[in-house]
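entry_12.cif follows; it contains mmCIF, N, CA and C atoms.
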data_target
#
loop_
_atom_site.label_atom_id
_atom_site.label_comp_id
_atom_site.auth_asym_id
_atom_site.auth_seq_id
_atom_site.Cartn_x
_atom_site.Cartn_y
_atom_site.Cartn_z
N MET A 29 49.15 -12.01 28.24
CA MET A 29 48.23 -11.84 27.13
C MET A 29 46.89 -11.35 27.67
N GLU A 30 46.37 -10.33 27.07
CA GLU A 30 45.14 -9.71 27.54
C GLU A 30 43.96 -10.18 26.69
N LEU A 31 42.90 -10.59 27.34
CA LEU A 31 41.71 -11.06 26.63
C LEU A 31 40.84 -9.87 26.25
N ASN A 32 40.16 -10.00 25.11
CA ASN A 32 39.22 -8.95 24.69
C ASN A 32 37.98 -9.03 25.56
N GLN A 33 37.67 -7.96 26.22
CA GLN A 33 36.50 -7.94 27.08
C GLN A 33 35.42 -7.08 26.43
N VAL A 34 34.21 -7.48 26.65
CA VAL A 34 33.07 -6.76 26.09
C VAL A 34 32.64 -5.70 27.09
N ASN A 35 32.47 -4.49 26.60
CA ASN A 35 32.02 -3.39 27.44
C ASN A 35 30.50 -3.38 27.41
N ALA A 36 29.88 -3.74 28.51
CA ALA A 36 28.41 -3.80 28.59
C ALA A 36 27.90 -2.53 29.25
N SER A 37 27.85 -1.49 28.48
CA SER A 37 27.32 -0.24 29.01
C SER A 37 25.87 -0.08 28.60
N LYS A 38 25.26 0.99 29.04
CA LYS A 38 23.86 1.24 28.71
C LYS A 38 23.66 1.44 27.20
N LEU A 39 24.68 1.99 26.52
CA LEU A 39 24.57 2.23 25.09
C LEU A 39 24.63 0.95 24.27
N SER A 40 25.32 -0.06 24.76
CA SER A 40 25.49 -1.27 23.97
C SER A 40 24.39 -2.30 24.19
N LEU A 41 23.64 -2.17 25.27
CA LEU A 41 22.58 -3.13 25.54
C LEU A 41 21.28 -2.70 24.86
N PRO A 42 20.52 -3.66 24.34
CA PRO A 42 19.24 -3.28 23.73
C PRO A 42 18.27 -2.79 24.79
N SER A 43 17.54 -1.79 24.45
CA SER A 43 16.61 -1.18 25.39
C SER A 43 15.18 -1.57 25.04
N SER A 44 14.37 -1.73 26.06
CA SER A 44 12.96 -2.02 25.81
C SER A 44 12.15 -0.75 25.65
N GLU A 45 12.76 0.40 25.90
CA GLU A 45 12.06 1.67 25.76
C GLU A 45 11.94 2.02 24.28
N PRO A 46 10.79 2.49 23.84
CA PRO A 46 10.64 2.85 22.43
C PRO A 46 11.45 4.10 22.09
N ASP A 47 12.15 4.05 20.98
CA ASP A 47 12.87 5.22 20.53
C ASP A 47 12.18 5.79 19.30
N ARG A 48 12.70 6.86 18.78
CA ARG A 48 12.03 7.53 17.66
C ARG A 48 12.07 6.69 16.39
N LEU A 49 13.17 5.98 16.17
CA LEU A 49 13.26 5.15 14.97
C LEU A 49 12.23 4.03 15.02
N THR A 50 12.06 3.41 16.17
CA THR A 50 11.06 2.35 16.30
C THR A 50 9.66 2.91 16.11
N ALA A 51 9.42 4.09 16.64
CA ALA A 51 8.09 4.70 16.50
C ALA A 51 7.79 5.02 15.05
N LEU A 52 8.81 5.39 14.29
CA LEU A 52 8.59 5.67 12.87
C LEU A 52 8.40 4.39 12.07
N ALA A 53 9.03 3.30 12.51
CA ALA A 53 8.96 2.05 11.75
C ALA A 53 7.68 1.29 12.00
N LEU A 54 7.03 1.47 13.14
CA LEU A 54 5.85 0.68 13.46
C LEU A 54 4.68 0.88 12.50
N PRO A 55 4.33 2.10 12.07
CA PRO A 55 3.22 2.21 11.11
C PRO A 55 3.49 1.48 9.80
N GLN A 56 4.75 1.45 9.35
CA GLN A 56 5.08 0.74 8.12
C GLN A 56 4.88 -0.76 8.30
N ILE A 57 5.28 -1.30 9.43
CA ILE A 57 5.09 -2.73 9.70
C ILE A 57 3.60 -3.04 9.74
N PHE A 58 2.82 -2.18 10.36
CA PHE A 58 1.39 -2.40 10.46
C PHE A 58 0.73 -2.38 9.09
N SER A 59 1.11 -1.44 8.24
CA SER A 59 0.49 -1.37 6.92
C SER A 59 0.92 -2.55 6.05
N ASP A 60 2.18 -3.03 6.20
CA ASP A 60 2.62 -4.20 5.45
C ASP A 60 1.81 -5.43 5.85
N SER A 61 1.54 -5.58 7.14
CA SER A 61 0.76 -6.74 7.57
C SER A 61 -0.66 -6.68 7.01
N LEU A 62 -1.21 -5.47 6.88
CA LEU A 62 -2.54 -5.35 6.28
C LEU A 62 -2.52 -5.73 4.81
N VAL A 63 -1.47 -5.34 4.10
CA VAL A 63 -1.37 -5.69 2.68
C VAL A 63 -1.28 -7.20 2.53
N TYR A 64 -0.44 -7.83 3.35
CA TYR A 64 -0.31 -9.28 3.25
C TYR A 64 -1.61 -9.97 3.65
N ASN A 65 -2.32 -9.42 4.60
CA ASN A 65 -3.59 -10.00 5.01
C ASN A 65 -4.61 -9.90 3.88
N ASP A 66 -4.66 -8.76 3.20
CA ASP A 66 -5.58 -8.61 2.07
C ASP A 66 -5.25 -9.60 0.95
N GLU A 67 -3.96 -9.76 0.65
CA GLU A 67 -3.56 -10.70 -0.39
C GLU A 67 -3.87 -12.14 0.03
N TYR A 68 -3.67 -12.45 1.30
CA TYR A 68 -3.98 -13.79 1.80
C TYR A 68 -5.48 -14.07 1.68
N ASN A 69 -6.30 -13.09 2.07
CA ASN A 69 -7.75 -13.27 1.95
C ASN A 69 -8.17 -13.42 0.49
N TYR A 70 -7.54 -12.66 -0.40
CA TYR A 70 -7.85 -12.77 -1.83
C TYR A 70 -7.49 -14.16 -2.35
N MET A 71 -6.33 -14.67 -1.96
CA MET A 71 -5.92 -16.00 -2.42
C MET A 71 -6.85 -17.09 -1.86
N GLN A 72 -7.31 -16.92 -0.63
CA GLN A 72 -8.25 -17.87 -0.05
C GLN A 72 -9.58 -17.84 -0.81
N ASP A 73 -10.05 -16.64 -1.15
CA ASP A 73 -11.29 -16.53 -1.92
C ASP A 73 -11.15 -17.19 -3.29
N MET A 74 -10.01 -17.00 -3.92
CA MET A 74 -9.79 -17.62 -5.24
C MET A 74 -9.72 -19.14 -5.12
N GLN A 75 -9.16 -19.64 -4.03
CA GLN A 75 -9.11 -21.09 -3.82
C GLN A 75 -10.52 -21.66 -3.64
N VAL A 76 -11.36 -20.96 -2.89
CA VAL A 76 -12.74 -21.40 -2.70
C VAL A 76 -13.48 -21.39 -4.03
N LEU A 77 -13.31 -20.31 -4.81
CA LEU A 77 -13.95 -20.25 -6.13
C LEU A 77 -13.47 -21.37 -7.03
N ARG A 78 -12.17 -21.65 -7.00
CA ARG A 78 -11.61 -22.71 -7.83
C ARG A 78 -12.20 -24.06 -7.46
N ASN A 79 -12.42 -24.29 -6.17
CA ASN A 79 -12.98 -25.56 -5.74
C ASN A 79 -14.47 -25.67 -6.04
N GLN A 80 -15.19 -24.55 -6.03
CA GLN A 80 -16.64 -24.60 -6.22
C GLN A 80 -17.06 -24.55 -7.68
N VAL A 81 -16.50 -23.62 -8.46
CA VAL A 81 -17.00 -23.43 -9.82
C VAL A 81 -15.97 -23.73 -10.90
N GLY A 82 -14.76 -24.08 -10.52
CA GLY A 82 -13.76 -24.40 -11.52
C GLY A 82 -12.74 -23.29 -11.68
N LEU A 83 -11.92 -23.44 -12.72
CA LEU A 83 -10.78 -22.55 -12.90
C LEU A 83 -11.11 -21.28 -13.68
N ALA A 84 -12.22 -21.27 -14.41
CA ALA A 84 -12.50 -20.15 -15.32
C ALA A 84 -12.73 -18.84 -14.58
N LEU A 85 -13.55 -18.83 -13.56
CA LEU A 85 -13.86 -17.58 -12.86
C LEU A 85 -12.64 -16.98 -12.15
N PRO A 86 -11.83 -17.76 -11.43
CA PRO A 86 -10.62 -17.15 -10.85
C PRO A 86 -9.66 -16.61 -11.90
N LEU A 87 -9.58 -17.26 -13.06
CA LEU A 87 -8.72 -16.75 -14.13
C LEU A 87 -9.24 -15.43 -14.67
N VAL A 88 -10.54 -15.31 -14.84
CA VAL A 88 -11.13 -14.06 -15.34
C VAL A 88 -10.88 -12.93 -14.34
N ILE A 89 -11.10 -13.20 -13.06
CA ILE A 89 -10.87 -12.17 -12.04
C ILE A 89 -9.40 -11.79 -11.99
N GLY A 90 -8.51 -12.76 -12.10
CA GLY A 90 -7.08 -12.46 -12.12
C GLY A 90 -6.68 -11.62 -13.32
N MET A 91 -7.24 -11.93 -14.50
CA MET A 91 -6.94 -11.12 -15.69
C MET A 91 -7.48 -9.71 -15.54
N GLU A 92 -8.68 -9.57 -14.96
CA GLU A 92 -9.24 -8.23 -14.76
C GLU A 92 -8.38 -7.42 -13.79
N ARG A 93 -7.89 -8.05 -12.73
CA ARG A 93 -7.00 -7.33 -11.80
C ARG A 93 -5.70 -6.93 -12.47
N PHE A 94 -5.19 -7.78 -13.35
CA PHE A 94 -3.96 -7.45 -14.07
C PHE A 94 -4.17 -6.24 -14.97
N VAL A 95 -5.30 -6.23 -15.70
CA VAL A 95 -5.60 -5.10 -16.59
C VAL A 95 -5.79 -3.83 -15.78
N VAL A 96 -6.48 -3.92 -14.66
CA VAL A 96 -6.71 -2.75 -13.82
C VAL A 96 -5.39 -2.21 -13.28
N SER A 97 -4.45 -3.09 -12.95
CA SER A 97 -3.17 -2.62 -12.42
C SER A 97 -2.33 -1.92 -13.48
N LYS A 98 -2.58 -2.19 -14.76
CA LYS A 98 -1.81 -1.57 -15.83
C LYS A 98 -2.42 -0.28 -16.35
N THR A 99 -3.65 0.02 -15.97
CA THR A 99 -4.25 1.27 -16.44
C THR A 99 -3.66 2.44 -15.67
N THR A 100 -3.56 3.56 -16.36
CA THR A 100 -2.99 4.75 -15.74
C THR A 100 -4.09 5.76 -15.47
N ARG A 101 -3.75 6.80 -14.79
CA ARG A 101 -4.70 7.84 -14.47
C ARG A 101 -4.16 9.15 -15.03
N LEU A 102 -5.01 10.14 -15.08
CA LEU A 102 -4.57 11.46 -15.49
C LEU A 102 -3.69 12.06 -14.40
N PRO A 103 -2.68 12.82 -14.78
CA PRO A 103 -1.70 13.27 -13.77
C PRO A 103 -2.24 14.23 -12.73
N PHE A 104 -3.38 14.84 -12.96
CA PHE A 104 -3.89 15.80 -12.00
C PHE A 104 -4.92 15.19 -11.06
N LEU A 105 -5.20 13.91 -11.17
CA LEU A 105 -6.15 13.24 -10.28
C LEU A 105 -5.41 12.53 -9.16
N ARG A 106 -6.08 12.39 -8.03
CA ARG A 106 -5.51 11.61 -6.93
C ARG A 106 -5.46 10.15 -7.35
N SER A 107 -4.42 9.48 -6.92
CA SER A 107 -4.33 8.06 -7.26
C SER A 107 -5.10 7.25 -6.23
N ASN A 108 -5.90 6.34 -6.72
CA ASN A 108 -6.57 5.38 -5.86
C ASN A 108 -6.78 4.11 -6.67
N ASN A 109 -7.03 3.06 -6.00
CA ASN A 109 -7.22 1.77 -6.65
C ASN A 109 -8.66 1.33 -6.52
N PHE A 110 -9.56 2.19 -6.91
CA PHE A 110 -10.98 1.88 -6.71
C PHE A 110 -11.40 0.67 -7.53
N MET A 111 -10.92 0.55 -8.77
CA MET A 111 -11.32 -0.60 -9.59
C MET A 111 -10.82 -1.90 -8.98
N ASP A 112 -9.59 -1.88 -8.44
CA ASP A 112 -9.08 -3.08 -7.79
C ASP A 112 -9.85 -3.37 -6.51
N ASP A 113 -10.23 -2.33 -5.79
CA ASP A 113 -11.03 -2.53 -4.58
C ASP A 113 -12.39 -3.14 -4.91
N VAL A 114 -12.98 -2.75 -6.03
CA VAL A 114 -14.26 -3.33 -6.44
C VAL A 114 -14.08 -4.80 -6.78
N LEU A 115 -13.01 -5.13 -7.50
CA LEU A 115 -12.79 -6.53 -7.89
C LEU A 115 -12.47 -7.42 -6.70
N THR A 116 -11.83 -6.88 -5.68
CA THR A 116 -11.49 -7.70 -4.52
C THR A 116 -12.53 -7.64 -3.41
N GLY A 117 -13.50 -6.73 -3.52
CA GLY A 117 -14.54 -6.64 -2.51
C GLY A 117 -14.21 -5.74 -1.35
N ARG A 118 -13.17 -4.92 -1.47
CA ARG A 118 -12.78 -4.02 -0.38
C ARG A 118 -13.38 -2.63 -0.52
N TYR A 119 -14.24 -2.41 -1.49
CA TYR A 119 -14.75 -1.06 -1.75
C TYR A 119 -15.70 -0.58 -0.65
N ASN A 120 -16.28 -1.47 0.10
CA ASN A 120 -17.22 -1.04 1.14
C ASN A 120 -16.59 -1.04 2.53
N GLU A 121 -15.27 -1.18 2.62
CA GLU A 121 -14.57 -1.13 3.90
C GLU A 121 -14.04 0.28 4.13
N ILE A 122 -14.13 0.73 5.36
CA ILE A 122 -13.55 2.02 5.74
C ILE A 122 -12.26 1.71 6.50
N THR A 123 -11.14 2.15 5.94
CA THR A 123 -9.84 1.84 6.53
C THR A 123 -9.30 3.03 7.30
N PHE A 124 -8.19 2.80 7.96
CA PHE A 124 -7.55 3.82 8.78
C PHE A 124 -7.16 5.03 7.94
N GLU A 125 -6.65 4.80 6.73
CA GLU A 125 -6.17 5.89 5.90
C GLU A 125 -7.29 6.80 5.43
N GLU A 126 -8.50 6.31 5.39
CA GLU A 126 -9.59 7.10 4.85
C GLU A 126 -10.13 8.12 5.85
N TYR A 127 -10.02 7.87 7.13
CA TYR A 127 -10.58 8.85 8.06
C TYR A 127 -9.57 9.43 9.04
N LEU A 128 -8.37 8.89 9.12
CA LEU A 128 -7.35 9.46 10.00
C LEU A 128 -6.07 9.78 9.25
N LYS A 129 -6.18 10.09 7.99
CA LYS A 129 -5.00 10.39 7.20
C LYS A 129 -4.51 11.80 7.52
N ARG A 130 -3.19 11.92 7.66
CA ARG A 130 -2.62 13.23 7.93
C ARG A 130 -2.60 14.06 6.65
N PRO A 131 -2.90 15.35 6.74
CA PRO A 131 -2.88 16.19 5.54
C PRO A 131 -1.48 16.36 4.96
N ASP A 132 -0.44 16.09 5.77
CA ASP A 132 0.92 16.19 5.25
C ASP A 132 1.18 15.15 4.16
N TYR A 133 0.50 14.02 4.24
CA TYR A 133 0.74 12.94 3.30
C TYR A 133 -0.15 13.00 2.06
N GLU A 134 -0.99 13.99 1.98
CA GLU A 134 -1.86 14.14 0.80
C GLU A 134 -1.02 14.47 -0.43
N GLN A 135 -1.48 13.99 -1.56
CA GLN A 135 -0.80 14.34 -2.80
C GLN A 135 -1.15 15.77 -3.17
N PRO A 136 -0.16 16.56 -3.54
CA PRO A 136 -0.48 17.94 -3.91
C PRO A 136 -1.24 17.97 -5.24
N LEU A 137 -2.33 18.69 -5.25
CA LEU A 137 -3.14 18.79 -6.46
C LEU A 137 -2.85 20.12 -7.14
N ARG A 138 -2.72 20.06 -8.45
CA ARG A 138 -2.52 21.27 -9.24
C ARG A 138 -3.67 21.42 -10.21
N LEU A 139 -3.72 22.55 -10.84
CA LEU A 139 -4.79 22.80 -11.80
C LEU A 139 -4.63 21.89 -13.02
N PRO A 140 -5.71 21.26 -13.47
CA PRO A 140 -5.61 20.34 -14.60
C PRO A 140 -5.11 21.01 -15.88
N HIS A 141 -5.54 22.23 -16.12
CA HIS A 141 -5.14 22.91 -17.35
C HIS A 141 -3.63 23.17 -17.38
N LEU A 142 -3.08 23.56 -16.26
CA LEU A 142 -1.64 23.82 -16.21
C LEU A 142 -0.83 22.56 -16.44
N ILE A 143 -1.25 21.47 -15.85
CA ILE A 143 -0.52 20.21 -16.00
C ILE A 143 -0.58 19.72 -17.44
N MET A 144 -1.76 19.77 -18.05
CA MET A 144 -1.88 19.30 -19.43
C MET A 144 -1.10 20.21 -20.39
N GLU A 145 -1.06 21.51 -20.13
CA GLU A 145 -0.25 22.40 -20.97
C GLU A 145 1.22 22.07 -20.84
N GLU A 146 1.69 21.75 -19.64
CA GLU A 146 3.09 21.35 -19.47
C GLU A 146 3.38 20.05 -20.20
N LEU A 147 2.47 19.08 -20.10
CA LEU A 147 2.70 17.79 -20.75
C LEU A 147 2.69 17.91 -22.27
N LEU A 148 1.83 18.77 -22.79
CA LEU A 148 1.73 18.93 -24.25
C LEU A 148 2.74 19.93 -24.79
N GLY A 149 3.45 20.60 -23.92
CA GLY A 149 4.46 21.56 -24.37
C GLY A 149 3.90 22.88 -24.82
N ILE A 150 2.73 23.24 -24.35
CA ILE A 150 2.10 24.51 -24.71
C ILE A 150 2.56 25.56 -23.70
N HIS A 151 3.23 26.59 -24.19
CA HIS A 151 3.70 27.66 -23.30
C HIS A 151 3.01 28.94 -23.70
N ILE A 152 2.27 29.51 -22.79
CA ILE A 152 1.55 30.75 -23.09
C ILE A 152 2.26 31.91 -22.42
#
Once more with this new file: its structure as C-alpha coordinates, please.
Amino acid sequence: MELNQVNASKLSLPSSEPDRLTALALPQIFSDSLVYNDEYNYMQDMQVLRNQVGLALPLVIGMERFVVSKTTRLPFLRSNNFMDDVLTGRYNEITFEEYLKRPDYEQPLRLPHLIMEELLGIHI
(Lines of atoms letter the chains of each structure in order from A and count residues from 1; the text may use other names and numbers.)
(Lines give C-alpha, C1' and ligand atoms only; values in the text may rest on other atoms or scores of the structure.)
Protein backbone atom coordinates (compact mmCIF):
# COMPACT_ATOMS: atom_id res chain seq x y z
CA MET A 1 0.00 0.00 0.00
CA GLU A 2 1.43 3.34 -1.04
CA LEU A 3 1.03 6.40 1.18
CA ASN A 4 0.07 9.77 -0.28
CA GLN A 5 3.11 11.96 -0.14
CA VAL A 6 3.10 15.71 -0.32
CA ASN A 7 5.22 17.26 -3.04
CA ALA A 8 7.01 20.20 -1.43
CA SER A 9 8.29 22.07 -4.43
CA LYS A 10 8.99 25.76 -4.81
CA LEU A 11 5.54 26.29 -6.36
CA SER A 12 3.65 24.77 -3.45
CA LEU A 13 5.43 26.58 -0.63
CA PRO A 14 4.36 30.10 0.32
CA SER A 15 6.90 32.69 -0.68
CA SER A 16 7.92 35.74 1.26
CA GLU A 17 8.71 37.59 -1.96
CA PRO A 18 6.03 40.07 -3.01
CA ASP A 19 4.16 39.11 -6.15
CA ARG A 20 1.99 41.24 -8.40
CA LEU A 21 -1.27 40.14 -6.81
CA THR A 22 -0.04 41.10 -3.35
CA ALA A 23 1.20 44.43 -4.65
CA LEU A 24 -2.22 45.15 -6.12
CA ALA A 25 -4.02 44.12 -2.93
CA LEU A 26 -1.97 46.22 -0.50
CA PRO A 27 -3.40 49.66 -1.41
CA GLN A 28 -6.93 48.30 -0.91
CA ILE A 29 -6.04 46.96 2.54
CA PHE A 30 -4.47 50.29 3.43
CA SER A 31 -7.50 52.30 2.35
CA ASP A 32 -9.87 49.94 4.21
CA SER A 33 -7.90 50.44 7.41
CA LEU A 34 -8.20 54.21 6.96
CA VAL A 35 -11.96 53.94 6.53
CA TYR A 36 -12.28 51.86 9.66
CA ASN A 37 -10.03 54.27 11.54
CA ASP A 38 -12.19 57.23 10.50
CA GLU A 39 -15.35 55.42 11.60
CA TYR A 40 -13.72 54.42 14.88
CA ASN A 41 -12.68 58.03 15.55
CA TYR A 42 -16.21 59.21 14.69
CA MET A 43 -17.76 56.70 17.10
CA GLN A 44 -15.33 57.76 19.84
CA ASP A 45 -16.25 61.42 19.29
CA MET A 46 -19.95 60.57 19.49
CA GLN A 47 -19.36 58.65 22.73
CA VAL A 48 -17.57 61.66 24.25
CA LEU A 49 -20.40 63.96 23.14
CA ARG A 50 -22.98 61.56 24.58
CA ASN A 51 -21.19 61.54 27.92
CA GLN A 52 -20.70 65.31 28.07
CA VAL A 53 -23.88 66.88 26.67
CA GLY A 54 -26.37 64.04 26.42
CA LEU A 55 -27.99 62.12 23.61
CA ALA A 56 -29.52 64.97 21.60
CA LEU A 57 -26.41 66.30 19.84
CA PRO A 58 -25.08 62.90 18.68
CA LEU A 59 -28.56 62.07 17.36
CA VAL A 60 -28.73 65.33 15.41
CA ILE A 61 -25.28 64.77 13.91
CA GLY A 62 -26.20 61.19 13.03
CA MET A 63 -29.42 62.32 11.32
CA GLU A 64 -27.52 65.00 9.38
CA ARG A 65 -24.99 62.41 8.18
CA PHE A 66 -27.83 60.13 7.12
CA VAL A 67 -29.48 62.92 5.12
CA VAL A 68 -26.17 63.88 3.53
CA SER A 69 -25.54 60.27 2.49
CA LYS A 70 -28.92 60.16 0.71
CA THR A 71 -28.48 63.34 -1.30
CA THR A 72 -27.44 62.93 -4.90
CA ARG A 73 -25.30 65.02 -7.17
CA LEU A 74 -25.67 66.13 -10.75
CA PRO A 75 -24.29 63.51 -13.14
CA PHE A 76 -21.66 65.78 -14.67
CA LEU A 77 -20.00 66.76 -11.38
CA ARG A 78 -17.22 64.87 -9.66
CA SER A 79 -18.41 62.91 -6.69
CA ASN A 80 -17.08 63.91 -3.32
CA ASN A 81 -18.36 63.75 0.21
CA PHE A 82 -17.60 67.28 1.24
CA MET A 83 -20.75 67.67 3.37
CA ASP A 84 -19.93 64.46 5.23
CA ASP A 85 -16.34 65.61 5.67
CA VAL A 86 -17.59 68.87 7.20
CA LEU A 87 -19.87 67.01 9.61
CA THR A 88 -17.11 64.63 10.70
CA GLY A 89 -14.35 67.25 10.85
CA ARG A 90 -12.21 65.78 8.07
CA TYR A 91 -12.57 68.75 5.72
CA ASN A 92 -9.27 70.31 6.76
CA GLU A 93 -7.20 67.13 6.35
CA ILE A 94 -5.07 66.55 3.27
CA THR A 95 -5.13 62.86 2.40
CA PHE A 96 -3.09 60.69 0.08
CA GLU A 97 -5.78 60.70 -2.62
CA GLU A 98 -5.84 64.47 -2.84
CA TYR A 99 -2.24 65.04 -3.84
CA LEU A 100 -0.94 61.72 -5.19
CA LYS A 101 -3.96 60.49 -7.09
CA ARG A 102 -3.25 58.85 -10.42
CA PRO A 103 -4.96 60.50 -13.40
CA ASP A 104 -6.04 57.04 -14.59
CA TYR A 105 -8.46 56.83 -11.67
CA GLU A 106 -10.09 60.20 -12.30
CA GLN A 107 -13.75 60.19 -13.21
CA PRO A 108 -14.23 61.14 -16.84
CA LEU A 109 -15.97 64.48 -17.12
CA ARG A 110 -18.32 65.27 -19.96
CA LEU A 111 -20.03 68.44 -21.00
CA PRO A 112 -22.99 69.26 -18.74
CA HIS A 113 -25.27 70.21 -21.61
CA LEU A 114 -24.74 66.91 -23.42
CA ILE A 115 -25.43 64.85 -20.32
CA MET A 116 -28.60 66.73 -19.42
CA GLU A 117 -29.86 66.45 -23.02
CA GLU A 118 -29.32 62.68 -22.87
CA LEU A 119 -31.11 62.41 -19.53
CA LEU A 120 -34.06 64.50 -20.70
CA GLY A 121 -34.27 62.70 -24.03
CA ILE A 122 -33.58 65.77 -26.15
CA HIS A 123 -31.99 64.78 -29.45
CA ILE A 124 -30.78 67.55 -31.70
Which value, in Å to one decimal, gives the distance between CA of Tyr127 in chain A and CA of Asn108 in chain A? 14.9 Å
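In terms of minimum interatomic distance to Leu115 in chain A, A:Arg93 ranks closest within A:His141, A:Arg93, A:Lys98, A:Lys129, counting all atoms listed in the file.
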Leaving out Val76 in chain A and any residue of its chain fewer than 6 positions from it, which residues lie within 12 Å of it when counting only C-alpha atoms, given as a list in words? Asn69, Tyr70, Gly82, Leu83, Leu85 and Pro86 of chain A
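Non-sequential neighbours of Leu102 in chain A (distance at most 12 Å, separation of 3 or more positions within a chain, only C-alpha atoms) are Thr99, Leu105, Arg106, Ser107, Asn108, Leu137, Arg138, Leu139, Pro140, His141, Ile143, Met144 and Leu147 of chain A.
For the pair atom C of Val114 in chain A and CA of Tyr133 in chain A, the interatomic distance is 25.2 Å.
Atom pair atom C of Gln72 in chain A / CA of Asn120 in chain A: separated by 18.6 Å.
Using only C-alpha atoms, the shortest contact distance between Gly90 in chain A and any of A:Met71, A:Leu142, A:Leu128, A:Ile150 is found at A:Met71.
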